[in-house]
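A.B. asks: Sharing start.cif (mmCIF, C-alpha atoms) below.
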```cif
data_structure
loop_
_atom_site.group_PDB
_atom_site.id
_atom_site.type_symbol
_atom_site.label_atom_id
_atom_site.label_comp_id
_atom_site.auth_asym_id
_atom_site.auth_seq_id
_atom_site.Cartn_x
_atom_site.Cartn_y
_atom_site.Cartn_z
ATOM 1 C CA MET A 1 89.853 60.199 110.706
ATOM 2 C CA SER A 2 87.405 62.968 110.027
ATOM 3 C CA ASP A 3 86.969 63.938 113.672
ATOM 4 C CA LEU A 4 90.656 64.719 114.091
ATOM 5 C CA THR A 5 92.054 68.192 113.733
ATOM 6 C CA PRO A 6 93.892 68.942 110.490
ATOM 7 C CA ALA A 7 97.239 68.890 112.253
ATOM 8 C CA ALA A 8 96.570 65.454 113.691
ATOM 9 C CA THR A 9 95.341 64.262 110.299
ATOM 10 C CA THR A 10 98.535 65.564 108.770
ATOM 11 C CA LEU A 11 100.701 63.798 111.284
ATOM 12 C CA ALA A 12 98.814 60.563 110.807
ATOM 13 C CA ALA A 13 99.060 60.889 107.041
ATOM 14 C CA ALA A 14 102.769 61.587 107.260
ATOM 15 C CA ALA A 15 103.195 58.578 109.493
ATOM 16 C CA THR A 16 101.374 56.244 107.123
ATOM 17 C CA GLY A 17 103.801 56.816 104.347
ATOM 18 C CA HIS A 18 102.693 59.544 101.964
ATOM 19 C CA GLY A 19 105.567 60.856 99.950
ATOM 20 C CA PHE A 20 106.621 63.122 97.182
ATOM 21 C CA LEU A 21 107.673 60.219 95.021
ATOM 22 C CA SER A 22 104.530 58.121 95.384
ATOM 23 C CA PRO A 23 101.781 60.250 93.907
ATOM 24 C CA THR A 24 98.252 59.012 93.891
ATOM 25 C CA GLY A 25 96.014 58.977 90.834
ATOM 26 C CA VAL A 26 94.279 62.181 91.853
ATOM 27 C CA GLU A 27 97.627 63.915 92.178
ATOM 28 C CA ILE A 28 98.736 62.781 88.738
ATOM 29 C CA ALA A 29 95.472 63.982 87.205
ATOM 30 C CA PHE A 30 95.763 67.285 89.070
ATOM 31 C CA LEU A 31 99.329 67.700 87.845
ATOM 32 C CA LEU A 32 98.476 67.024 84.198
ATOM 33 C CA VAL A 33 95.434 69.321 84.177
ATOM 34 C CA GLY A 34 97.482 71.922 86.036
ATOM 35 C CA LEU A 35 100.210 71.830 83.395
ATOM 36 C CA ALA A 36 97.615 72.297 80.659
ATOM 37 C CA THR A 37 96.026 75.164 82.590
ATOM 38 C CA LEU A 38 99.333 76.881 83.184
ATOM 39 C CA GLY A 39 100.344 76.487 79.544
ATOM 40 C CA ALA A 40 97.059 77.981 78.377
ATOM 41 C CA ALA A 41 97.484 80.860 80.827
ATOM 42 C CA VAL A 42 100.998 81.571 79.577
ATOM 43 C CA VAL A 43 99.784 81.562 75.966
ATOM 44 C CA THR A 44 96.955 83.896 77.017
ATOM 45 C CA VAL A 45 99.346 86.516 78.322
ATOM 46 C CA THR A 46 101.942 86.167 75.558
ATOM 47 C CA THR A 47 100.088 85.661 72.281
ATOM 48 C CA LYS A 48 100.075 88.447 69.736
ATOM 49 C CA GLN A 49 96.574 87.712 68.455
ATOM 50 C CA LEU A 50 93.982 89.321 70.673
ATOM 51 C CA VAL A 51 91.085 86.999 69.891
ATOM 52 C CA HIS A 52 93.285 83.955 70.423
ATOM 53 C CA ALA A 53 94.103 85.296 73.889
ATOM 54 C CA ALA A 54 90.406 85.193 74.779
ATOM 55 C CA LEU A 55 90.058 81.674 73.377
ATOM 56 C CA TRP A 56 93.092 80.420 75.320
ATOM 57 C CA LEU A 57 91.584 82.008 78.405
ATOM 58 C CA VAL A 58 88.651 79.617 77.912
ATOM 59 C CA VAL A 59 91.069 76.683 78.115
ATOM 60 C CA ALA A 60 92.716 78.048 81.259
ATOM 61 C CA LEU A 61 89.433 78.724 83.049
ATOM 62 C CA GLY A 62 88.055 75.327 82.033
ATOM 63 C CA GLY A 63 91.193 73.694 83.420
ATOM 64 C CA ILE A 64 90.615 75.460 86.709
ATOM 65 C CA ALA A 65 87.043 74.127 86.720
ATOM 66 C CA VAL A 66 88.439 70.600 86.330
ATOM 67 C CA GLU A 67 90.787 71.266 89.251
ATOM 68 C CA TYR A 68 87.783 72.251 91.363
ATOM 69 C CA LEU A 69 86.162 68.945 90.439
ATOM 70 C CA LEU A 70 89.317 67.080 91.486
ATOM 71 C CA LEU A 71 89.195 68.944 94.810
ATOM 72 C CA THR A 72 85.568 67.705 95.238
ATOM 73 C CA ALA A 73 84.080 71.199 94.936
ATOM 74 C CA GLU A 74 81.457 70.290 92.360
ATOM 75 C CA PHE A 75 79.137 73.257 92.715
ATOM 76 C CA ILE A 76 81.931 75.789 92.334
ATOM 77 C CA ALA A 77 83.187 73.947 89.281
ATOM 78 C CA TRP A 78 79.847 74.295 87.527
ATOM 79 C CA VAL A 79 79.479 77.908 88.649
ATOM 80 C CA GLN A 80 82.927 78.501 87.152
ATOM 81 C CA VAL A 81 81.844 76.938 83.860
ATOM 82 C CA LEU A 82 78.596 78.909 83.766
ATOM 83 C CA ILE A 83 79.872 82.333 84.789
ATOM 84 C CA TYR A 84 83.440 82.443 83.535
ATOM 85 C CA LEU A 85 83.217 80.359 80.391
ATOM 86 C CA GLY A 86 79.652 81.381 79.684
ATOM 87 C CA SER A 87 79.538 85.069 80.355
ATOM 88 C CA VAL A 88 82.903 86.618 81.205
ATOM 89 C CA VAL A 89 84.700 85.325 78.124
ATOM 90 C CA VAL A 90 81.777 86.326 75.920
ATOM 91 C CA LEU A 91 81.872 89.804 77.489
ATOM 92 C CA LEU A 92 85.602 90.023 76.799
ATOM 93 C CA LEU A 93 85.074 88.969 73.195
ATOM 94 C CA PHE A 94 82.349 91.605 72.844
ATOM 95 C CA GLY A 95 84.768 94.166 74.260
ATOM 96 C CA LEU A 96 87.466 93.145 71.779
ATOM 97 C CA MET A 97 85.019 93.425 68.895
ATOM 98 C CA LEU A 98 83.578 96.770 70.034
ATOM 99 C CA THR A 99 87.010 98.350 70.366
ATOM 100 C CA LYS A 100 87.810 97.217 66.819
ATOM 101 C CA ALA A 101 90.638 94.932 67.834
ATOM 102 C CA PRO A 102 92.686 93.726 64.891
ATOM 103 C CA ILE A 103 91.925 90.145 63.914
ATOM 104 C CA GLY A 104 95.400 89.152 62.776
ATOM 105 C CA ARG A 105 98.709 89.497 64.567
ATOM 106 C CA SER A 106 99.227 92.831 66.256
ATOM 107 C CA PRO A 107 102.913 93.412 66.998
ATOM 108 C CA ASP A 108 102.234 96.099 69.619
ATOM 109 C CA ALA A 109 100.235 93.898 71.960
ATOM 110 C CA ASP A 110 103.000 94.013 74.561
ATOM 111 C CA SER A 111 104.304 97.279 75.927
ATOM 112 C CA ASN A 112 107.938 98.228 76.137
ATOM 113 C CA ASN A 113 108.425 97.256 79.754
ATOM 114 C CA ARG A 114 107.758 93.584 79.193
ATOM 115 C CA TRP A 115 111.225 92.578 80.342
ATOM 116 C CA VAL A 116 110.733 94.410 83.623
ATOM 117 C CA ALA A 117 107.354 92.696 83.918
ATOM 118 C CA LEU A 118 108.977 89.323 83.215
ATOM 119 C CA GLY A 119 111.566 89.940 85.914
ATOM 120 C CA VAL A 120 108.952 90.973 88.457
ATOM 121 C CA ALA A 121 106.793 87.949 87.637
ATOM 122 C CA LEU A 122 109.730 85.517 87.849
ATOM 123 C CA VAL A 123 110.913 86.905 91.172
ATOM 124 C CA ALA A 124 107.376 86.809 92.556
ATOM 125 C CA ALA A 125 106.869 83.244 91.290
ATOM 126 C CA ALA A 126 110.151 82.024 92.764
ATOM 127 C CA SER A 127 109.548 83.567 96.164
ATOM 128 C CA LEU A 128 105.904 82.458 96.334
ATOM 129 C CA VAL A 129 106.641 78.886 95.290
ATOM 130 C CA TRP A 130 109.535 78.676 97.731
ATOM 131 C CA VAL A 131 107.455 79.954 100.624
ATOM 132 C CA VAL A 132 104.459 77.748 99.795
ATOM 133 C CA VAL A 133 106.475 74.562 99.328
ATOM 134 C CA ASP A 134 108.446 75.230 102.475
ATOM 135 C CA ALA A 135 105.317 75.905 104.506
ATOM 136 C CA PHE A 136 103.156 72.988 103.321
ATOM 137 C CA ARG A 137 105.831 70.334 102.835
ATOM 138 C CA THR A 138 104.172 67.846 105.158
ATOM 139 C CA THR A 139 100.526 68.689 104.567
ATOM 140 C CA TRP A 140 98.060 66.435 102.862
ATOM 141 C CA ILE A 141 94.458 67.026 101.899
ATOM 142 C CA ASP A 142 92.127 64.224 102.901
ATOM 143 C CA LEU A 143 89.821 63.818 99.922
ATOM 144 C CA ASP A 144 88.054 60.708 101.220
ATOM 145 C CA GLY A 145 84.521 60.703 102.519
ATOM 146 C CA PRO A 146 81.537 62.589 101.140
ATOM 147 C CA ALA A 147 82.148 65.430 98.727
ATOM 148 C CA GLN A 148 82.644 68.679 100.588
ATOM 149 C CA GLY A 149 81.431 70.950 97.836
ATOM 150 C CA SER A 150 78.318 69.234 96.540
ATOM 151 C CA THR A 151 75.300 71.313 95.667
ATOM 152 C CA LYS A 152 73.468 70.228 98.825
ATOM 153 C CA VAL A 153 76.304 71.274 101.120
ATOM 154 C CA SER A 154 76.878 74.531 99.282
ATOM 155 C CA GLY A 155 73.202 75.448 99.358
ATOM 156 C CA GLU A 156 72.913 74.698 103.051
ATOM 157 C CA ILE A 157 75.899 76.739 104.104
ATOM 158 C CA LEU A 158 75.097 79.553 101.694
ATOM 159 C CA PHE A 159 71.517 80.012 102.834
ATOM 160 C CA GLN A 160 72.056 79.311 106.524
ATOM 161 C CA HIS A 161 75.306 80.964 107.505
ATOM 162 C CA TRP A 162 76.095 83.251 104.592
ATOM 163 C CA VAL A 163 72.677 84.577 103.669
ATOM 164 C CA LEU A 164 73.361 88.183 104.692
ATOM 165 C CA PRO A 165 76.552 88.552 102.587
ATOM 166 C CA PHE A 166 74.650 86.826 99.802
ATOM 167 C CA GLU A 167 71.951 89.506 99.867
ATOM 168 C CA ALA A 168 74.568 92.258 100.052
ATOM 169 C CA LEU A 169 76.155 90.704 96.983
ATOM 170 C CA SER A 170 72.895 90.987 95.090
ATOM 171 C CA VAL A 171 72.832 94.699 95.919
ATOM 172 C CA LEU A 172 76.391 94.970 94.626
ATOM 173 C CA LEU A 173 75.432 93.243 91.383
ATOM 174 C CA LEU A 174 72.516 95.638 90.977
ATOM 175 C CA ALA A 175 74.836 98.602 91.561
ATOM 176 C CA ALA A 176 77.272 97.236 88.988
ATOM 177 C CA LEU A 177 74.444 96.791 86.483
ATOM 178 C CA ILE A 178 73.219 100.359 86.960
ATOM 179 C CA GLY A 179 76.782 101.642 86.840
ATOM 180 C CA ALA A 180 77.494 99.886 83.554
ATOM 181 C CA ILE A 181 74.287 101.302 82.059
ATOM 182 C CA VAL A 182 75.082 104.840 83.251
ATOM 183 C CA LEU A 183 78.631 104.605 81.951
ATOM 184 C CA SER A 184 77.629 103.402 78.519
ATOM 185 C CA ARG A 185 74.800 105.903 77.953
ATOM 186 C CA ARG A 186 75.677 108.419 75.318
ATOM 187 C CA ASP A 187 73.750 111.359 76.847
ATOM 188 C CA ALA A 188 74.939 110.849 80.386
ATOM 189 C CA VAL A 189 75.305 114.588 81.035
ATOM 190 C CA ALA A 190 71.783 115.661 80.123
ATOM 191 C CA GLY A 191 70.175 112.796 81.965
ATOM 192 C CA PRO A 192 69.547 113.975 85.565
ATOM 193 C CA GLU A 193 68.063 117.360 84.624
ATOM 194 C CA ASP A 194 65.489 115.966 82.243
ATOM 195 C CA HIS A 195 64.320 113.299 84.602
ATOM 196 C CA PRO A 196 61.609 115.181 86.631
ATOM 197 C CA LYS A 197 60.148 116.668 83.468
ATOM 198 C CA GLY A 198 60.010 113.231 81.987
ATOM 199 C CA GLN A 199 58.011 112.061 84.962
ATOM 200 C CA GLN A 200 55.548 114.932 84.647
ATOM 201 C CA ARG A 201 54.884 114.280 81.024
ATOM 202 C CA MET B 1 96.466 64.898 97.819
ATOM 203 C CA HIS B 2 99.513 66.891 98.759
ATOM 204 C CA LEU B 3 98.522 70.487 99.533
ATOM 205 C CA ALA B 4 101.546 71.807 97.655
ATOM 206 C CA TYR B 5 100.042 70.897 94.270
ATOM 207 C CA PRO B 6 97.116 73.363 94.304
ATOM 208 C CA ALA B 7 99.116 75.966 96.224
ATOM 209 C CA VAL B 8 101.989 75.935 93.729
ATOM 210 C CA LEU B 9 99.608 75.950 90.770
ATOM 211 C CA ALA B 10 97.782 78.945 92.250
ATOM 212 C CA ALA B 11 101.053 80.797 92.841
ATOM 213 C CA LEU B 12 102.209 80.196 89.272
ATOM 214 C CA LEU B 13 98.857 81.243 87.805
ATOM 215 C CA PHE B 14 98.919 84.393 89.906
ATOM 216 C CA CYS B 15 102.385 85.288 88.631
ATOM 217 C CA THR B 16 101.290 84.609 85.046
ATOM 218 C CA GLY B 17 98.461 87.058 85.551
ATOM 219 C CA LEU B 18 100.872 89.516 87.157
ATOM 220 C CA TYR B 19 103.094 89.390 84.078
ATOM 221 C CA GLY B 20 100.066 89.970 81.867
ATOM 222 C CA VAL B 21 98.897 92.970 83.869
ATOM 223 C CA LEU B 22 102.330 94.565 83.733
ATOM 224 C CA ALA B 23 103.261 93.714 80.157
ATOM 225 C CA ARG B 24 100.079 94.006 78.142
ATOM 226 C CA ARG B 25 99.168 97.189 76.332
ATOM 227 C CA ASN B 26 95.525 96.648 75.390
ATOM 228 C CA ALA B 27 93.174 97.323 78.305
ATOM 229 C CA ILE B 28 91.025 94.268 77.575
ATOM 230 C CA LEU B 29 94.068 91.999 77.705
ATOM 231 C CA VAL B 30 94.880 93.556 81.077
ATOM 232 C CA LEU B 31 91.371 92.634 82.226
ATOM 233 C CA MET B 32 91.950 89.036 81.069
ATOM 234 C CA SER B 33 95.112 88.886 83.163
ATOM 235 C CA VAL B 34 93.201 90.210 86.169
ATOM 236 C CA GLU B 35 90.764 87.339 85.677
ATOM 237 C CA LEU B 36 93.675 84.891 85.793
ATOM 238 C CA MET B 37 94.871 86.371 89.087
ATOM 239 C CA LEU B 38 91.384 86.166 90.594
ATOM 240 C CA ASN B 39 91.110 82.543 89.529
ATOM 241 C CA ALA B 40 94.402 81.721 91.216
ATOM 242 C CA VAL B 41 93.042 83.168 94.452
ATOM 243 C CA ASN B 42 89.846 81.133 94.042
ATOM 244 C CA LEU B 43 91.849 77.943 93.610
ATOM 245 C CA ASN B 44 93.696 78.677 96.847
ATOM 246 C CA LEU B 45 90.428 79.328 98.676
ATOM 247 C CA VAL B 46 88.893 76.047 97.531
ATOM 248 C CA ALA B 47 92.010 74.009 98.291
ATOM 249 C CA PHE B 48 92.357 75.389 101.797
ATOM 250 C CA ASP B 49 88.648 74.968 102.455
ATOM 251 C CA VAL B 50 88.856 71.299 101.511
ATOM 252 C CA TRP B 51 91.990 70.881 103.603
ATOM 253 C CA LEU B 52 90.657 72.544 106.756
ATOM 254 C CA ARG B 53 87.182 70.922 106.508
ATOM 255 C CA ASP B 54 85.630 74.125 107.746
ATOM 256 C CA ALA B 55 82.164 73.675 109.211
ATOM 257 C CA LEU B 56 80.966 76.935 107.666
ATOM 258 C CA HIS B 57 82.775 76.248 104.368
ATOM 259 C CA ALA B 58 84.009 79.816 104.396
ATOM 260 C CA GLY B 59 86.430 79.183 101.541
ATOM 261 C CA GLN B 60 83.769 77.949 99.154
ATOM 262 C CA ALA B 61 81.353 80.720 100.102
ATOM 263 C CA LEU B 62 84.089 83.303 99.564
ATOM 264 C CA THR B 63 84.912 81.691 96.223
ATOM 265 C CA LEU B 64 81.323 82.132 95.085
ATOM 266 C CA PHE B 65 81.395 85.748 96.247
ATOM 267 C CA THR B 66 84.674 86.325 94.429
ATOM 268 C CA ILE B 67 83.250 84.909 91.219
ATOM 269 C CA ALA B 68 80.241 87.232 91.444
ATOM 270 C CA ILE B 69 82.412 90.248 92.239
ATOM 271 C CA ALA B 70 84.689 89.359 89.322
ATOM 272 C CA ALA B 71 81.671 89.287 87.022
ATOM 273 C CA ALA B 72 80.609 92.730 88.269
ATOM 274 C CA GLU B 73 84.176 93.987 87.895
ATOM 275 C CA ILE B 74 84.460 92.788 84.316
ATOM 276 C CA GLY B 75 81.167 94.467 83.416
ATOM 277 C CA ILE B 76 82.174 97.821 84.898
ATOM 278 C CA GLY B 77 85.700 97.501 83.497
ATOM 279 C CA LEU B 78 84.472 96.844 79.983
ATOM 280 C CA ALA B 79 82.041 99.766 80.211
ATOM 281 C CA ILE B 80 84.922 102.043 81.224
ATOM 282 C CA VAL B 81 87.154 100.695 78.450
ATOM 283 C CA LEU B 82 84.422 101.198 75.866
ATOM 284 C CA MET B 83 83.851 104.769 77.057
ATOM 285 C CA VAL B 84 87.574 105.513 76.886
ATOM 286 C CA TYR B 85 87.687 104.019 73.408
ATOM 287 C CA ARG B 86 84.744 106.169 72.310
ATOM 288 C CA ASN B 87 86.343 109.331 73.662
ATOM 289 C CA ARG B 88 89.966 108.706 72.732
ATOM 290 C CA GLY B 89 89.859 106.252 69.846
ATOM 291 C CA THR B 90 92.303 103.915 71.591
ATOM 292 C CA SER B 91 92.271 101.383 74.380
ATOM 293 C CA ASP B 92 96.021 101.225 74.977
ATOM 294 C CA VAL B 93 96.743 101.799 78.614
ATOM 295 C CA ASP B 94 100.137 103.391 78.077
ATOM 296 C CA ARG B 95 98.717 106.179 75.937
ATOM 297 C CA LEU B 96 96.386 107.343 78.680
ATOM 298 C CA ARG B 97 98.851 109.558 80.473
ATOM 299 C CA ASP B 98 96.716 112.514 81.475
ATOM 300 C CA THR B 99 97.251 112.044 85.166
ATOM 301 C CA ALA B 100 100.965 111.272 84.865
ATOM 302 C CA GLU B 101 103.476 113.838 86.067
ATOM 303 C CA ARG B 102 104.637 116.001 83.217
ATOM 304 C CA HIS B 103 108.191 115.618 82.178
ATOM 305 C CA GLU B 104 108.587 116.581 78.562
ATOM 306 C CA PRO B 105 111.136 114.538 76.656
ATOM 307 C CA GLY B 106 114.166 116.364 75.378
ATOM 308 C CA PRO B 107 117.355 117.910 76.685
ATOM 309 C CA ASP B 108 115.737 121.238 77.585
ATOM 310 C CA THR B 109 113.973 119.972 80.663
ATOM 311 C CA PRO B 110 115.922 120.970 83.730
ATOM 312 C CA ASP B 111 115.640 118.977 86.875
ATOM 313 C CA GLY B 112 114.082 121.893 88.709
ATOM 314 C CA ARG B 113 111.076 122.067 86.399
ATOM 315 C CA PRO B 114 108.820 119.456 87.981
ATOM 316 C CA ALA B 115 109.483 120.838 91.448
ATOM 317 C CA PRO B 116 107.444 124.099 91.131
ATOM 318 C CA ASN B 117 104.511 122.171 89.681
ATOM 319 C CA HIS B 118 104.675 119.746 92.523
ATOM 320 C CA GLN B 119 104.889 122.537 95.072
ATOM 321 C CA SER B 120 101.953 124.383 93.588
ATOM 322 C CA GLU B 121 99.923 121.175 93.728
ATOM 323 C CA VAL B 122 100.804 120.747 97.351
ATOM 324 C CA THR B 123 99.940 124.304 98.290
ATOM 325 C CA ALA B 124 96.755 124.362 96.265
#
```
Kindly present the structure from the file in structure tokens form.
C.D. replies:
Amino acid sequence: MSDLTPAATTLAAAATGHGFLSPTGVEIAFLLVGLATLGAAVVTVTTKQLVHAALWLVVALGGIAVEYLLLTAEFIAWVQVLIYLGSVVVLLLFGLMLTKAPIGRSPDADSNNRWVALGVALVAAASLVWVVVDAFRTTWIDLDGPAQGSTKVSGEILFQHWVLPFEALSVLLLAALIGAIVLSRRDAVAGPEDHPKGQQR
Amino acid sequence: MHLAYPAVLAALLFCTGLYGVLARRNAILVLMSVELMLNAVNLNLVAFDVWLRDALHAGQALTLFTIAIAAAEIGIGLAIVLMVYRNRGTSDVDRLRDTAERHEPGPDTPDGRPAPNHQSEVTA
């Protein structure tokens, strides 16, 4: 099965009796975790308490990590847990604390155009879901066989085929680090002029 | 697994993030919504990579790159938000209207008033 093209795999899968109304165990698990993820995401964008929004974001991002595991992308799931849950959410919480965000309910968390935003989001969701369901109605993912996102596979492809973008990414991270330091210095204006003198001293 | 499950979930998560970006007032909440949108894109990339069984695993490699770029983006974004908060005393995005086109509220603003400003900007 694995040496066929995806289209042939799809046709074979459609012929062997997959269906909307006979979900497999993986699909049921994906659906349940997806509902939890979506609910946490909706609470994240609608809650009035700013710190609770960050904590619900943890639930949503963790749900997405579980979805990666169900799609057999193990390495990306753990990278998601480490980077998003470990550092990005902590950074966001630091940002909330440093901007003196109110701890309790803040009634002005949403701006006045939230109904326009709701309309735009609903229209976008309806059109996207319609297009996606219509396009991939008879498409199945073949999850059998060895895991396609294990650490061994990811390391091999990353350091054989993608090593140059990987190095460019490290330069980008360095630039972002320097940029964040320059932005958050208090005496950013007087910095470049004093620098040669500082070296002479 | 049917491919529609991850694709629909990614579309719905993206639209949730879109609502958050448009409706939230605090800049840090806007950044959280941007994270949701990026995660929806990552989910699509992983699902399509597993479906297509790409020999180079381009989807998973791009997902890792997107995660790293999102981490860089959140660092720079928070630095900018903190600087704005230090200068202005607020992090509400709809109070930062310095680059908006001026139209003063009130009945005394004629319709012709923004036009000379606009023309002078064009000729300058």
A.B. asks: Could you check the closest approach to chain B for each of A:Val51, A:Ala121, A:Ala175, A:Val116 and tell me which residue wins, using all atoms listed in the file?
C.D. replies: A:Ala121
A.B. asks: Work out how far CA of Leu93 in chain A is from CA of Leu55 in chain A, in Å to one decimal.
C.D. replies: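 Between CA of Leu55 in chain A and CA of Leu93 in chain A the gap works out to 8.8 Å.
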A.B. asks: Going by the chain IDs and residue numbers used in this file, which residues fall under the PyMOL selection byres ((chain B) within 8 of (chain A))? Write them as a ChimeraX atom specification.
C.D. replies: /B:1-5,7-9,11-13,15-20,22-26,28-29,32-33,36,39,43,46-47,50-53,56-57,60-61,63-65,67-69,71-76,78-80,82-83,85,90-91,94
A.B. asks: Between CA of Asp49 in chain B and CA of Gly86 in chain A, what is the distance in Å, rounded to a tenth?
C.D. replies: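 Result for CA of Asp49 in chain B versus CA of Gly86 in chain A: 25.3 Å, one decimal.
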A.B. asks: Going by the chain IDs and residue numbers used in this file, which residues fall under the PyMOL selection byres ((chain A and resi 105) around 7)? Write them as a list in words.
C.D. replies: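 Selected by the PyMOL selection byres ((chain A and resi 105) around 7) here: Lys48, Gln49, Ile103, Gly104, Ser106 and Pro107 of chain A.
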A.B. asks: CA of Val58 in chain A to CA of Val81 in chain A: how many Å, to one decimal?
C.D. replies: 9.4 Å
A.B. asks: Extending 8 Å beyond the listed atoms of range 59-66 of chain A on each side, what axis-aligned box results? I want centre and edge lengths in Å to one decimal, as lines of an AutoDock Vina configuration file.
C.D. replies:
```
center_x = 89.9
center_y = 74.7
center_z = 82.4
size_x = 21.7
size_y = 24.1
size_z = 24.6
```
A.B. asks: Please rebuild range 105-111 of chain A with all heavy atoms and give the result as a short mmCIF file (atom, residue, chain, number, x, y, z; two decimals), in the frame of the given file.
C.D. replies:
```cif
data_model
loop_
_atom_site.label_atom_id
_atom_site.label_comp_id
_atom_site.auth_asym_id
_atom_site.auth_seq_id
_atom_site.Cartn_x
_atom_site.Cartn_y
_atom_site.Cartn_z
N ARG A 105 97.67 89.25 63.56
CA ARG A 105 98.71 89.50 64.57
C ARG A 105 98.88 90.99 64.77
O ARG A 105 98.93 91.75 63.80
CB ARG A 105 100.03 88.89 64.10
CG ARG A 105 99.97 87.43 63.83
CD ARG A 105 101.27 86.96 63.26
NE ARG A 105 102.33 87.08 64.23
CZ ARG A 105 102.60 86.16 65.14
NH1 ARG A 105 101.89 85.07 65.17
NH2 ARG A 105 103.57 86.31 65.99
N SER A 106 98.96 91.43 65.98
CA SER A 106 99.23 92.83 66.26
C SER A 106 100.55 92.91 67.02
O SER A 106 100.65 92.44 68.14
CB SER A 106 98.10 93.45 67.08
OG SER A 106 97.94 92.73 68.27
N PRO A 107 101.58 93.46 66.38
CA PRO A 107 102.91 93.41 67.00
C PRO A 107 103.05 94.29 68.23
O PRO A 107 104.00 94.12 68.99
CB PRO A 107 103.83 93.90 65.88
CG PRO A 107 102.95 94.68 64.98
CD PRO A 107 101.61 94.05 65.05
N ASP A 108 102.10 95.23 68.46
CA ASP A 108 102.23 96.10 69.62
C ASP A 108 101.33 95.67 70.76
O ASP A 108 100.85 96.48 71.53
CB ASP A 108 101.93 97.55 69.23
CG ASP A 108 100.52 97.68 68.69
OD1 ASP A 108 99.95 96.64 68.33
OD2 ASP A 108 100.02 98.80 68.62
N ALA A 109 101.09 94.35 70.87
CA ALA A 109 100.24 93.90 71.96
C ALA A 109 100.94 94.02 73.31
O ALA A 109 100.29 94.20 74.33
CB ALA A 109 99.80 92.45 71.72
N ASP A 110 102.25 93.89 73.31
CA ASP A 110 103.00 94.01 74.56
C ASP A 110 103.64 95.39 74.62
O ASP A 110 104.10 95.92 73.61
CB ASP A 110 104.10 92.95 74.65
CG ASP A 110 103.50 91.58 74.85
OD1 ASP A 110 102.35 91.50 75.31
OD2 ASP A 110 104.19 90.60 74.55
N SER A 111 103.69 95.96 75.80
CA SER A 111 104.30 97.28 75.93
C SER A 111 105.82 97.13 76.06
O SER A 111 106.36 96.03 76.05
CB SER A 111 103.72 98.03 77.12
OG SER A 111 104.10 97.37 78.30
#
```
